[in-house]
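Undergrad: Pasting work-v1.cif here (mmCIF, C-alpha atoms):
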data_query
#
loop_
_atom_site.group_PDB
_atom_site.id
_atom_site.type_symbol
_atom_site.label_atom_id
_atom_site.label_comp_id
_atom_site.auth_asym_id
_atom_site.auth_seq_id
_atom_site.Cartn_x
_atom_site.Cartn_y
_atom_site.Cartn_z
ATOM 1 C CA MET A 13 0.000 0.000 0.000
ATOM 2 C CA LYS A 14 2.799 2.429 0.929
ATOM 3 C CA LYS A 15 4.595 1.646 -2.315
ATOM 4 C CA LEU A 16 1.432 2.443 -4.244
ATOM 5 C CA LEU A 17 0.995 5.758 -2.411
ATOM 6 C CA HIS A 18 4.616 6.696 -3.036
ATOM 7 C CA SER A 19 4.143 5.754 -6.697
ATOM 8 C CA ASN A 20 1.044 7.951 -6.985
ATOM 9 C CA TYR A 21 2.843 10.880 -5.384
ATOM 10 C CA PHE A 22 5.755 10.406 -7.772
ATOM 11 C CA ILE A 23 3.434 10.363 -10.798
ATOM 12 C CA LYS A 24 1.684 13.528 -9.597
ATOM 13 C CA PHE A 25 5.048 15.202 -9.022
ATOM 14 C CA CYS A 26 6.225 14.309 -12.530
ATOM 15 C CA MET A 27 2.993 15.597 -14.059
ATOM 16 C CA ALA A 28 3.281 18.877 -12.140
ATOM 17 C CA LEU A 29 6.891 19.232 -13.239
ATOM 18 C CA LEU A 30 5.944 18.702 -16.882
ATOM 19 C CA VAL A 31 3.230 21.350 -16.621
ATOM 20 C CA PHE A 32 5.705 23.784 -15.033
ATOM 21 C CA LEU A 33 8.344 23.210 -17.713
ATOM 22 C CA SER A 34 5.767 23.460 -20.463
ATOM 23 C CA TYR A 35 4.460 26.735 -19.048
ATOM 24 C CA ASN A 36 7.916 28.264 -18.836
ATOM 25 C CA THR A 37 8.700 27.163 -22.386
ATOM 26 C CA VAL A 38 5.649 28.775 -23.972
ATOM 27 C CA SER A 39 4.811 31.645 -21.601
ATOM 28 C CA ALA A 40 7.407 34.028 -23.038
ATOM 29 C CA GLN A 41 5.994 33.466 -26.525
ATOM 30 C CA ASN A 42 2.364 33.891 -25.375
ATOM 31 C CA SER A 43 2.604 37.058 -23.315
ATOM 32 C CA LYS A 44 0.374 40.107 -23.117
ATOM 33 C CA GLY A 45 3.474 42.291 -23.256
ATOM 34 C CA LYS A 46 5.749 43.375 -26.088
ATOM 35 C CA LEU A 47 9.490 43.567 -26.645
ATOM 36 C CA PHE A 48 11.307 46.487 -28.247
ATOM 37 C CA ILE A 49 14.834 45.292 -29.020
ATOM 38 C CA ILE A 50 17.273 47.937 -30.311
ATOM 39 C CA GLY A 51 20.549 47.058 -32.036
ATOM 40 C CA GLY A 52 22.489 49.824 -30.280
ATOM 41 C CA GLY A 53 23.807 53.123 -31.599
ATOM 42 C CA ASN A 54 21.798 56.309 -31.875
ATOM 43 C CA ARG A 55 18.183 56.235 -30.722
ATOM 44 C CA SER A 56 16.261 58.796 -32.718
ATOM 45 C CA ASP A 57 13.209 60.541 -31.306
ATOM 46 C CA ALA A 58 11.199 58.848 -34.061
ATOM 47 C CA LEU A 59 12.318 55.416 -32.858
ATOM 48 C CA MET A 60 11.535 56.281 -29.235
ATOM 49 C CA THR A 61 8.124 57.583 -30.301
ATOM 50 C CA GLN A 62 7.401 54.138 -31.767
ATOM 51 C CA LEU A 63 8.388 52.601 -28.437
ATOM 52 C CA ILE A 64 5.988 54.947 -26.640
ATOM 53 C CA LYS A 65 3.205 54.138 -29.080
ATOM 54 C CA ILE A 66 3.405 50.353 -28.660
ATOM 55 C CA THR A 67 3.731 50.708 -24.869
ATOM 56 C CA ASP A 68 0.509 52.748 -24.755
ATOM 57 C CA LEU A 69 1.542 54.751 -21.695
ATOM 58 C CA LYS A 70 -1.303 56.160 -19.619
ATOM 59 C CA LYS A 71 -1.022 59.099 -17.197
ATOM 60 C CA LYS A 72 -0.701 56.801 -14.176
ATOM 61 C CA ASP A 73 2.034 54.649 -15.760
ATOM 62 C CA TYR A 74 5.752 54.959 -15.057
ATOM 63 C CA VAL A 75 8.992 53.862 -16.713
ATOM 64 C CA VAL A 76 11.839 51.957 -15.048
ATOM 65 C CA VAL A 77 15.405 52.023 -16.350
ATOM 66 C CA LEU A 78 17.660 49.069 -15.445
ATOM 67 C CA PRO A 79 21.264 50.277 -16.008
ATOM 68 C CA MET A 80 23.144 47.284 -14.559
ATOM 69 C CA SER A 81 24.855 46.480 -17.879
ATOM 70 C CA SER A 82 26.656 49.809 -17.836
ATOM 71 C CA GLU A 83 29.953 50.706 -16.177
ATOM 72 C CA GLU A 84 28.396 54.132 -15.593
ATOM 73 C CA PRO A 85 24.788 53.370 -14.615
ATOM 74 C CA ASP A 86 23.961 56.969 -13.663
ATOM 75 C CA SER A 87 25.060 58.197 -17.099
ATOM 76 C CA ALA A 88 23.047 55.466 -18.854
ATOM 77 C CA TYR A 89 19.963 56.523 -16.892
ATOM 78 C CA ILE A 90 20.441 60.251 -17.493
ATOM 79 C CA TYR A 91 21.012 59.744 -21.232
ATOM 80 C CA PHE A 92 17.753 57.808 -21.528
ATOM 81 C CA LYS A 93 15.795 60.163 -19.267
ATOM 82 C CA ASP A 94 16.962 63.344 -21.037
ATOM 83 C CA GLN A 95 15.625 62.025 -24.335
ATOM 84 C CA PHE A 96 12.495 60.304 -23.071
ATOM 85 C CA GLN A 97 11.192 63.099 -20.849
ATOM 86 C CA LYS A 98 10.959 65.343 -23.920
ATOM 87 C CA LEU A 99 8.451 62.860 -25.366
ATOM 88 C CA VAL A 100 6.368 61.830 -22.339
ATOM 89 C CA SER A 101 5.334 63.302 -18.997
ATOM 90 C CA ASN A 102 5.382 59.966 -17.156
ATOM 91 C CA PRO A 103 7.790 59.411 -14.238
ATOM 92 C CA ILE A 104 11.103 57.797 -15.268
ATOM 93 C CA ILE A 105 12.942 56.095 -12.421
ATOM 94 C CA MET A 106 16.183 54.144 -12.130
ATOM 95 C CA LEU A 107 16.420 50.847 -10.287
ATOM 96 C CA ASN A 108 20.116 49.986 -10.191
ATOM 97 C CA PHE A 109 19.946 46.576 -8.529
ATOM 98 C CA ASP A 110 22.962 44.949 -6.927
ATOM 99 C CA LYS A 111 23.571 41.917 -4.713
ATOM 100 C CA ASN A 112 22.297 43.874 -1.703
ATOM 101 C CA THR A 113 18.986 44.977 -3.272
ATOM 102 C CA VAL A 114 17.926 42.160 -5.633
ATOM 103 C CA ASN A 115 15.764 40.638 -2.887
ATOM 104 C CA ASN A 116 14.125 43.923 -1.868
ATOM 105 C CA LYS A 117 10.383 43.290 -2.163
ATOM 106 C CA ALA A 118 9.367 46.951 -2.497
ATOM 107 C CA LEU A 119 11.820 47.547 -5.335
ATOM 108 C CA ASN A 120 10.779 44.366 -7.139
ATOM 109 C CA ASP A 121 7.103 45.290 -6.785
ATOM 110 C CA SER A 122 7.896 48.657 -8.372
ATOM 111 C CA LEU A 123 9.713 46.907 -11.205
ATOM 112 C CA GLN A 124 6.915 44.407 -11.777
ATOM 113 C CA HIS A 125 4.289 47.143 -12.124
ATOM 114 C CA ALA A 126 6.243 49.395 -14.486
ATOM 115 C CA LYS A 127 4.514 49.821 -17.839
ATOM 116 C CA LEU A 128 7.868 50.121 -19.615
ATOM 117 C CA ILE A 129 11.156 48.562 -18.513
ATOM 118 C CA PHE A 130 14.270 49.734 -20.371
ATOM 119 C CA ILE A 131 17.563 47.798 -20.147
ATOM 120 C CA SER A 132 20.634 49.869 -20.999
ATOM 121 C CA GLY A 133 23.673 48.992 -23.083
ATOM 122 C CA GLY A 134 27.047 47.943 -21.715
ATOM 123 C CA ASP A 135 27.990 44.361 -20.867
ATOM 124 C CA GLN A 136 25.184 41.793 -21.018
ATOM 125 C CA THR A 137 27.079 39.379 -18.774
ATOM 126 C CA ARG A 138 27.340 42.065 -16.092
ATOM 127 C CA PHE A 139 23.561 42.484 -16.213
ATOM 128 C CA MET A 140 22.773 38.772 -15.996
ATOM 129 C CA ASN A 141 25.265 38.284 -13.163
ATOM 130 C CA VAL A 142 23.095 40.664 -11.142
ATOM 131 C CA VAL A 143 19.594 39.399 -12.031
ATOM 132 C CA LYS A 144 20.035 35.680 -12.722
ATOM 133 C CA ASN A 145 18.126 33.460 -10.265
ATOM 134 C CA THR A 146 16.774 36.453 -8.339
ATOM 135 C CA PRO A 147 13.358 38.084 -7.768
ATOM 136 C CA VAL A 148 14.424 40.759 -10.293
ATOM 137 C CA TYR A 149 14.403 38.133 -13.048
ATOM 138 C CA ASP A 150 10.933 37.016 -11.938
ATOM 139 C CA ALA A 151 9.633 40.592 -11.746
ATOM 140 C CA ILE A 152 10.707 41.303 -15.335
ATOM 141 C CA HIS A 153 8.913 38.170 -16.534
ATOM 142 C CA LYS A 154 5.759 38.955 -14.562
ATOM 143 C CA ALA A 155 5.693 42.493 -15.951
ATOM 144 C CA TYR A 156 6.026 41.132 -19.478
ATOM 145 C CA GLN A 157 3.353 38.489 -19.007
ATOM 146 C CA ASN A 158 0.969 41.081 -17.574
ATOM 147 C CA GLY A 159 1.253 43.467 -20.516
ATOM 148 C CA SER A 160 4.310 45.647 -19.963
ATOM 149 C CA THR A 161 6.810 46.452 -22.693
ATOM 150 C CA ILE A 162 10.397 45.320 -22.107
ATOM 151 C CA ALA A 163 12.907 47.310 -24.155
ATOM 152 C CA GLY A 164 16.664 47.184 -24.398
ATOM 153 C CA THR A 165 19.553 48.386 -26.500
ATOM 154 C CA SER A 166 22.891 46.722 -27.379
ATOM 155 C CA ALA A 167 23.633 44.596 -24.268
ATOM 156 C CA GLY A 168 19.983 45.153 -23.387
ATOM 157 C CA ALA A 169 19.118 43.468 -26.684
ATOM 158 C CA ALA A 170 21.399 40.480 -26.121
ATOM 159 C CA VAL A 171 19.849 39.655 -22.731
ATOM 160 C CA MET A 172 16.401 39.124 -24.278
ATOM 161 C CA CYS A 173 17.384 35.656 -25.550
ATOM 162 C CA GLU A 174 17.312 32.336 -23.778
ATOM 163 C CA HIS A 175 20.841 31.622 -25.054
ATOM 164 C CA MET A 176 22.717 34.913 -24.810
ATOM 165 C CA ILE A 177 25.846 35.742 -26.829
ATOM 166 C CA THR A 178 28.484 37.051 -24.420
ATOM 167 C CA GLY A 179 30.785 38.359 -27.162
ATOM 168 C CA ASN A 180 33.680 36.089 -26.166
ATOM 169 C CA GLN A 181 35.227 33.270 -28.192
ATOM 170 C CA LYS A 182 36.142 29.972 -26.578
ATOM 171 C CA LEU A 183 39.049 29.417 -28.960
ATOM 172 C CA GLU A 184 40.499 32.936 -28.742
ATOM 173 C CA LEU A 185 41.816 34.623 -25.608
ATOM 174 C CA LYS A 186 41.557 38.167 -26.972
ATOM 175 C CA TYR A 187 38.164 39.841 -27.375
ATOM 176 C CA THR A 188 37.314 41.164 -30.835
ATOM 177 C CA GLU A 189 34.129 42.909 -31.959
ATOM 178 C CA THR A 190 33.663 40.347 -34.720
ATOM 179 C CA PHE A 191 34.874 36.822 -35.441
ATOM 180 C CA ASN A 192 37.603 36.128 -38.003
ATOM 181 C CA ASN A 193 35.966 32.903 -39.167
ATOM 182 C CA ILE A 194 33.176 30.407 -38.448
ATOM 183 C CA ARG A 195 34.243 27.608 -36.134
ATOM 184 C CA TYR A 196 32.470 24.869 -34.257
ATOM 185 C CA ASP A 197 32.318 25.229 -30.459
ATOM 186 C CA ASN A 198 33.836 28.718 -30.530
ATOM 187 C CA LEU A 199 30.834 30.859 -29.589
ATOM 188 C CA GLU A 200 30.415 31.507 -25.884
ATOM 189 C CA THR A 201 26.814 31.763 -24.707
ATOM 190 C CA THR A 202 25.208 31.877 -21.307
ATOM 191 C CA VAL A 203 21.726 32.133 -19.833
ATOM 192 C CA GLY A 204 19.781 35.266 -20.745
ATOM 193 C CA LEU A 205 16.334 36.460 -19.706
ATOM 194 C CA GLY A 206 14.622 34.103 -22.158
ATOM 195 C CA LEU A 207 11.875 36.591 -23.005
ATOM 196 C CA VAL A 208 12.072 35.448 -26.615
ATOM 197 C CA LYS A 209 12.551 31.743 -27.346
ATOM 198 C CA ASN A 210 14.242 29.860 -30.202
ATOM 199 C CA VAL A 211 16.055 33.015 -31.293
ATOM 200 C CA ILE A 212 19.667 34.194 -31.130
ATOM 201 C CA ILE A 213 20.108 37.980 -31.320
ATOM 202 C CA ASP A 214 23.228 39.921 -32.256
ATOM 203 C CA GLN A 215 23.440 43.706 -32.171
ATOM 204 C CA HIS A 216 25.409 46.518 -33.925
ATOM 205 C CA PHE A 217 25.154 44.009 -36.740
ATOM 206 C CA LEU A 218 25.896 45.728 -40.047
ATOM 207 C CA LYS A 219 27.972 48.455 -38.417
ATOM 208 C CA ARG A 220 30.387 45.892 -36.969
ATOM 209 C CA SER A 221 29.967 43.190 -39.647
ATOM 210 C CA ARG A 222 29.042 40.400 -37.259
ATOM 211 C CA TYR A 223 28.010 37.806 -39.838
ATOM 212 C CA ASN A 224 30.615 35.264 -38.699
ATOM 213 C CA ARG A 225 29.429 35.560 -35.113
ATOM 214 C CA LEU A 226 25.760 35.049 -35.998
ATOM 215 C CA LEU A 227 26.553 32.107 -38.284
ATOM 216 C CA SER A 228 28.608 30.603 -35.469
ATOM 217 C CA ALA A 229 25.494 30.887 -33.300
ATOM 218 C CA LEU A 230 23.421 29.121 -35.944
ATOM 219 C CA VAL A 231 25.954 26.281 -36.013
ATOM 220 C CA GLU A 232 25.589 25.860 -32.237
ATOM 221 C CA PHE A 233 21.789 26.258 -32.273
ATOM 222 C CA PRO A 234 20.604 25.096 -35.727
ATOM 223 C CA ASP A 235 16.951 24.968 -34.668
ATOM 224 C CA HIS A 236 17.029 28.669 -33.704
ATOM 225 C CA ILE A 237 16.543 31.762 -35.859
ATOM 226 C CA GLY A 238 19.577 34.042 -35.972
ATOM 227 C CA ILE A 239 18.683 37.749 -36.014
ATOM 228 C CA GLY A 240 21.239 40.508 -36.530
ATOM 229 C CA ILE A 241 19.927 43.986 -35.659
ATOM 230 C CA ASP A 242 21.791 46.992 -36.996
ATOM 231 C CA GLU A 243 22.262 50.208 -35.036
ATOM 232 C CA SER A 244 19.367 52.692 -34.782
ATOM 233 C CA THR A 245 17.033 49.800 -35.643
ATOM 234 C CA ALA A 246 14.696 47.707 -33.516
ATOM 235 C CA LEU A 247 12.609 44.574 -33.406
ATOM 236 C CA ILE A 248 9.050 44.960 -32.161
ATOM 237 C CA VAL A 249 8.107 41.528 -30.830
ATOM 238 C CA ARG A 250 4.446 40.703 -30.336
ATOM 239 C CA ASN A 251 4.362 37.046 -29.279
ATOM 240 C CA LYS A 252 5.433 35.160 -32.433
ATOM 241 C CA GLU A 253 5.468 38.091 -34.845
ATOM 242 C CA ILE A 254 8.377 40.488 -35.334
ATOM 243 C CA GLU A 255 8.112 43.897 -36.990
ATOM 244 C CA ILE A 256 11.091 46.063 -37.960
ATOM 245 C CA ALA A 257 11.394 49.690 -36.850
ATOM 246 C CA GLY A 258 14.119 52.265 -37.362
ATOM 247 C CA GLU A 259 16.635 53.516 -39.871
ATOM 248 C CA SER A 260 18.658 50.489 -41.031
ATOM 249 C CA GLU A 261 18.199 46.758 -41.613
ATOM 250 C CA VAL A 262 17.759 43.438 -39.841
ATOM 251 C CA ILE A 263 19.414 40.245 -41.117
ATOM 252 C CA VAL A 264 17.693 36.902 -40.482
ATOM 253 C CA VAL A 265 19.382 33.506 -40.985
ATOM 254 C CA LYS A 266 17.713 30.159 -40.318
ATOM 255 C CA ASN A 267 17.258 26.511 -41.327
ATOM 256 C CA PRO A 268 20.894 25.517 -41.934
ATOM 257 C CA VAL A 269 21.267 22.268 -43.879
ATOM 258 C CA GLY A 270 24.283 19.962 -43.960
ATOM 259 C CA ILE A 271 26.368 21.320 -41.107
ATOM 260 C CA SER A 272 29.650 19.456 -40.821
ATOM 261 C CA LYS A 273 32.864 20.039 -38.914
ATOM 262 C CA SER A 274 36.234 20.088 -40.641
ATOM 263 C CA LYS A 275 39.237 18.368 -39.080
ATOM 264 C CA LYS A 276 41.143 21.612 -39.479
ATOM 265 C CA GLU A 277 40.865 24.130 -36.617
ATOM 266 C CA ASN A 278 37.180 23.412 -35.930
ATOM 267 C CA LEU A 279 36.116 25.009 -39.209
ATOM 268 C CA VAL A 280 32.576 24.195 -40.332
ATOM 269 C CA SER A 281 30.683 23.928 -43.579
ATOM 270 C CA ILE A 282 26.974 24.582 -44.190
ATOM 271 C CA LYS A 283 25.521 23.341 -47.473
ATOM 272 C CA SER A 284 22.653 25.812 -47.466
ATOM 273 C CA LEU A 285 20.614 28.123 -45.256
ATOM 274 C CA GLU A 286 17.856 30.693 -45.554
ATOM 275 C CA MET A 287 18.696 34.380 -45.289
ATOM 276 C CA GLY A 288 16.489 37.458 -45.359
ATOM 277 C CA VAL A 289 17.041 41.212 -45.129
ATOM 278 C CA TYR A 290 14.249 43.289 -43.589
ATOM 279 C CA THR A 291 13.601 47.021 -43.313
ATOM 280 C CA GLU A 292 11.172 49.226 -41.407
ATOM 281 C CA GLY A 293 7.574 48.085 -41.442
ATOM 282 C CA GLN A 294 8.298 44.560 -42.672
ATOM 283 C CA LYS A 295 7.313 41.556 -40.556
ATOM 284 C CA PHE A 296 8.189 37.904 -40.123
ATOM 285 C CA LYS A 297 7.197 35.048 -37.830
ATOM 286 C CA ILE A 298 9.243 33.156 -35.261
ATOM 287 C CA LYS A 299 8.581 29.690 -33.856
#
What would you get if you wrote out this structure as structure tokens?
TA:
Amino acid sequence: MKKLLHSNYFIKFCMALLVFLSYNTVSAQNSKGKLFIIGGGNRSDALMTQLIKITDLKKKDYVVVLPMSSEEPDSAYIYFKDQFQKLVSNPIIMLNFDKNTVNNKALNDSLQHAKLIFISGGDQTRFMNVVKNTPVYDAIHKAYQNGSTIAGTSAGAAVMCEHMITGNQKLELKYTETFNNIRYDNLETTVGLGLVKNVIIDQHFLKRSRYNRLLSALVEFPDHIGIGIDESTALIVRNKEIEIAGESEVIVVKNPVGISKSKKENLVSIKSLEMGVYTEGQKFKIK
């Protein structure tokens, strides 16, 4: 009898676990909120006006800036505020979380109820080292699921993914803005916010010619869609649809066929893949 009870409890536990995992897998792609993912560089007033429009700010709403990616968080906040307060009258506050404040309930409640959350540029790994496995991570997700817009630029774009490009190469000690070639097991990734699933995002894309880096990501994650966002350009993500905003272009690569690794220096070959170039107003679907 005891064995049977234990067995029933185990089955119920497994079923609950499957439901939990399933929910976390699809919830980011079935949210009430939107994402506004900027490829870095200059943010024109026109681009910020589009962000305001999709956020649908009401008089009672407020904006939170998360500057933890930046080496100079105060400057990142002021730069955003100086531009944004010319366009809206809503309060714009900074929540610069650190290891001493990530568990602060009042601050996390304020974050969760912000209508717009903006993540600054800088170093995406620095940002995730602060928020990973903390109530801040949960508050961002709850805000998104409840209808808030989550925006970010440069490093703030990279953190949107489940598998986040850090910018480092495993096979090279020295950091470079782009990769010299396409090699297997060279791209370093780590856990991001996972607000958008099955997608790898790279930023400053055309400006810094990051094709090799994005193709390296597609080699590591062939079932993902690789998206390169140029500067002054953004993705507007509404669940499984992406629309382009801004001044430049977005490069999309997907469905690689015939990936094989060479014996020489981890070089790879790809027989074929799909590639698209998108400009403002154009849309495409993600999985």
Undergrad: Enclose segment 149-168 of chain A, meaning all of its atoms listed in the file, in a box aligned along x, y and z, pad it by 4 Å on each side, and list the centre and edge lengths in Å to one decimal, as lines of an AutoDock Vina configuration file.
TA:
center_x = 12.3
center_y = 42.7
center_z = -19.6
size_x = 30.7
size_y = 19.4
size_z = 23.6
Undergrad: Which residues match the PyMOL selection byres ((chain A and resi 137) around 9) in the file above, as an MDAnalysis selection string?
TA: chainID A and resid 81 135:136 138:142 167 171 176:178 202 204
Undergrad: When you look at Glu292 of chain A with a cut-off of 12 Å (counting all atoms listed in the file), what residues show up, excluding the ones that are within fewer than 4 positions of it in the same chain? I need them as a VMD selection string.
TA: chain A and resid 59 62 241 to 242 244 to 248 254 to 262 296
Undergrad: Nearest residue to Ser160 of chain A out of A:Gly53, A:Leu123, A:Leu227, A:Asn278, using all atoms listed in the file?
TA: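 Nearest candidate to Ser160 of chain A out of A:Gly53, A:Leu123, A:Leu227, A:Asn278: A:Leu123.
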Undergrad: Residues within 8 Å of Gln124 of chain A, please, as an mmCIF file with C-alpha atoms, in the frame of the given file. Count all atoms listed in the file; anything in the same chain fewer than 4 positions from it doesn't count.
TA:
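To be explicit, this is the file written out as around-v6.cif:
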data_model
loop_
_atom_site.group_PDB
_atom_site.id
_atom_site.type_symbol
_atom_site.label_atom_id
_atom_site.label_comp_id
_atom_site.auth_asym_id
_atom_site.auth_seq_id
_atom_site.Cartn_x
_atom_site.Cartn_y
_atom_site.Cartn_z
ATOM 1 C CA ASN A 120 10.779 44.366 -7.139
ATOM 2 C CA ALA A 151 9.633 40.592 -11.746
ATOM 3 C CA ILE A 152 10.707 41.303 -15.335
ATOM 4 C CA LYS A 154 5.759 38.955 -14.562
ATOM 5 C CA ALA A 155 5.693 42.493 -15.951
#
Undergrad: Given the file shown, determine the residues that the PyMOL selection byres ((chain A and resi 126) around 9) selects; report them as an MDAnalysis selection string.
TA: chainID A and resid 73:76 121:125 127:129 155 160:161
Undergrad: What would the selection look like, as a PyMOL selection string, if the PyMOL selection byres ((chain A and resi 100) around 10) were run on the coordinates I just shared?
TA: chain A and resi 61+64+69-71+95-99+101-104
Undergrad: Complete segment 130-138 of chain A at the level of all heavy atoms, written as a short mmCIF file (atom, residue, chain, number, x, y, z; two decimals), keeping the file's coordinate frame.
TA:
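And here's out-v2.cif as it stands now:
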data_model
loop_
_atom_site.label_atom_id
_atom_site.label_comp_id
_atom_site.auth_asym_id
_atom_site.auth_seq_id
_atom_site.Cartn_x
_atom_site.Cartn_y
_atom_site.Cartn_z
N PHE A 130 13.21 49.52 -19.38
CA PHE A 130 14.27 49.73 -20.37
C PHE A 130 15.60 49.25 -19.81
O PHE A 130 16.03 49.68 -18.73
CB PHE A 130 14.38 51.21 -20.76
CG PHE A 130 15.39 51.47 -21.85
CD1 PHE A 130 15.04 51.33 -23.18
CD2 PHE A 130 16.69 51.83 -21.53
CE1 PHE A 130 15.97 51.56 -24.19
CE2 PHE A 130 17.63 52.05 -22.53
CZ PHE A 130 17.26 51.92 -23.86
N ILE A 131 16.28 48.36 -20.55
CA ILE A 131 17.56 47.80 -20.15
C ILE A 131 18.66 48.46 -20.97
O ILE A 131 18.65 48.39 -22.21
CB ILE A 131 17.58 46.27 -20.33
CG1 ILE A 131 16.42 45.64 -19.56
CG2 ILE A 131 18.92 45.69 -19.88
CD1 ILE A 131 16.22 44.16 -19.86
N SER A 132 19.61 49.08 -20.31
CA SER A 132 20.63 49.87 -21.00
C SER A 132 21.68 49.01 -21.69
O SER A 132 21.75 47.79 -21.48
CB SER A 132 21.33 50.80 -20.00
OG SER A 132 22.23 50.04 -19.19
N GLY A 133 22.53 49.66 -22.47
CA GLY A 133 23.67 48.99 -23.08
C GLY A 133 24.82 48.84 -22.10
O GLY A 133 24.76 49.30 -20.96
N GLY A 134 25.87 48.18 -22.56
CA GLY A 134 27.05 47.94 -21.72
C GLY A 134 27.56 46.53 -21.91
O GLY A 134 27.94 46.12 -23.00
N ASP A 135 27.52 45.75 -20.85
CA ASP A 135 27.99 44.36 -20.87
C ASP A 135 26.84 43.46 -20.41
O ASP A 135 26.44 43.51 -19.24
CB ASP A 135 29.19 44.21 -19.93
CG ASP A 135 29.79 42.81 -19.93
OD1 ASP A 135 29.09 41.86 -20.34
OD2 ASP A 135 30.96 42.66 -19.52
N GLN A 136 26.34 42.64 -21.33
CA GLN A 136 25.18 41.79 -21.02
C GLN A 136 25.48 40.78 -19.92
O GLN A 136 24.59 40.42 -19.13
CB GLN A 136 24.68 41.08 -22.28
CG GLN A 136 25.71 40.28 -23.04
CD GLN A 136 26.31 41.07 -24.19
OE1 GLN A 136 26.54 42.27 -24.07
NE2 GLN A 136 26.53 40.40 -25.33
N THR A 137 26.72 40.33 -19.83
CA THR A 137 27.08 39.38 -18.77
C THR A 137 27.01 40.05 -17.41
O THR A 137 26.58 39.44 -16.42
CB THR A 137 28.49 38.81 -19.02
OG1 THR A 137 28.53 38.20 -20.31
CG2 THR A 137 28.86 37.78 -17.97
N ARG A 138 27.43 41.31 -17.35
CA ARG A 138 27.34 42.06 -16.09
C ARG A 138 25.89 42.15 -15.62
O ARG A 138 25.60 41.97 -14.44
CB ARG A 138 27.92 43.47 -16.29
CG ARG A 138 27.96 44.29 -14.99
CD ARG A 138 28.42 45.73 -15.25
NE ARG A 138 29.80 45.77 -15.69
CZ ARG A 138 30.22 46.29 -16.84
NH1 ARG A 138 29.35 46.82 -17.69
NH2 ARG A 138 31.50 46.28 -17.17
#
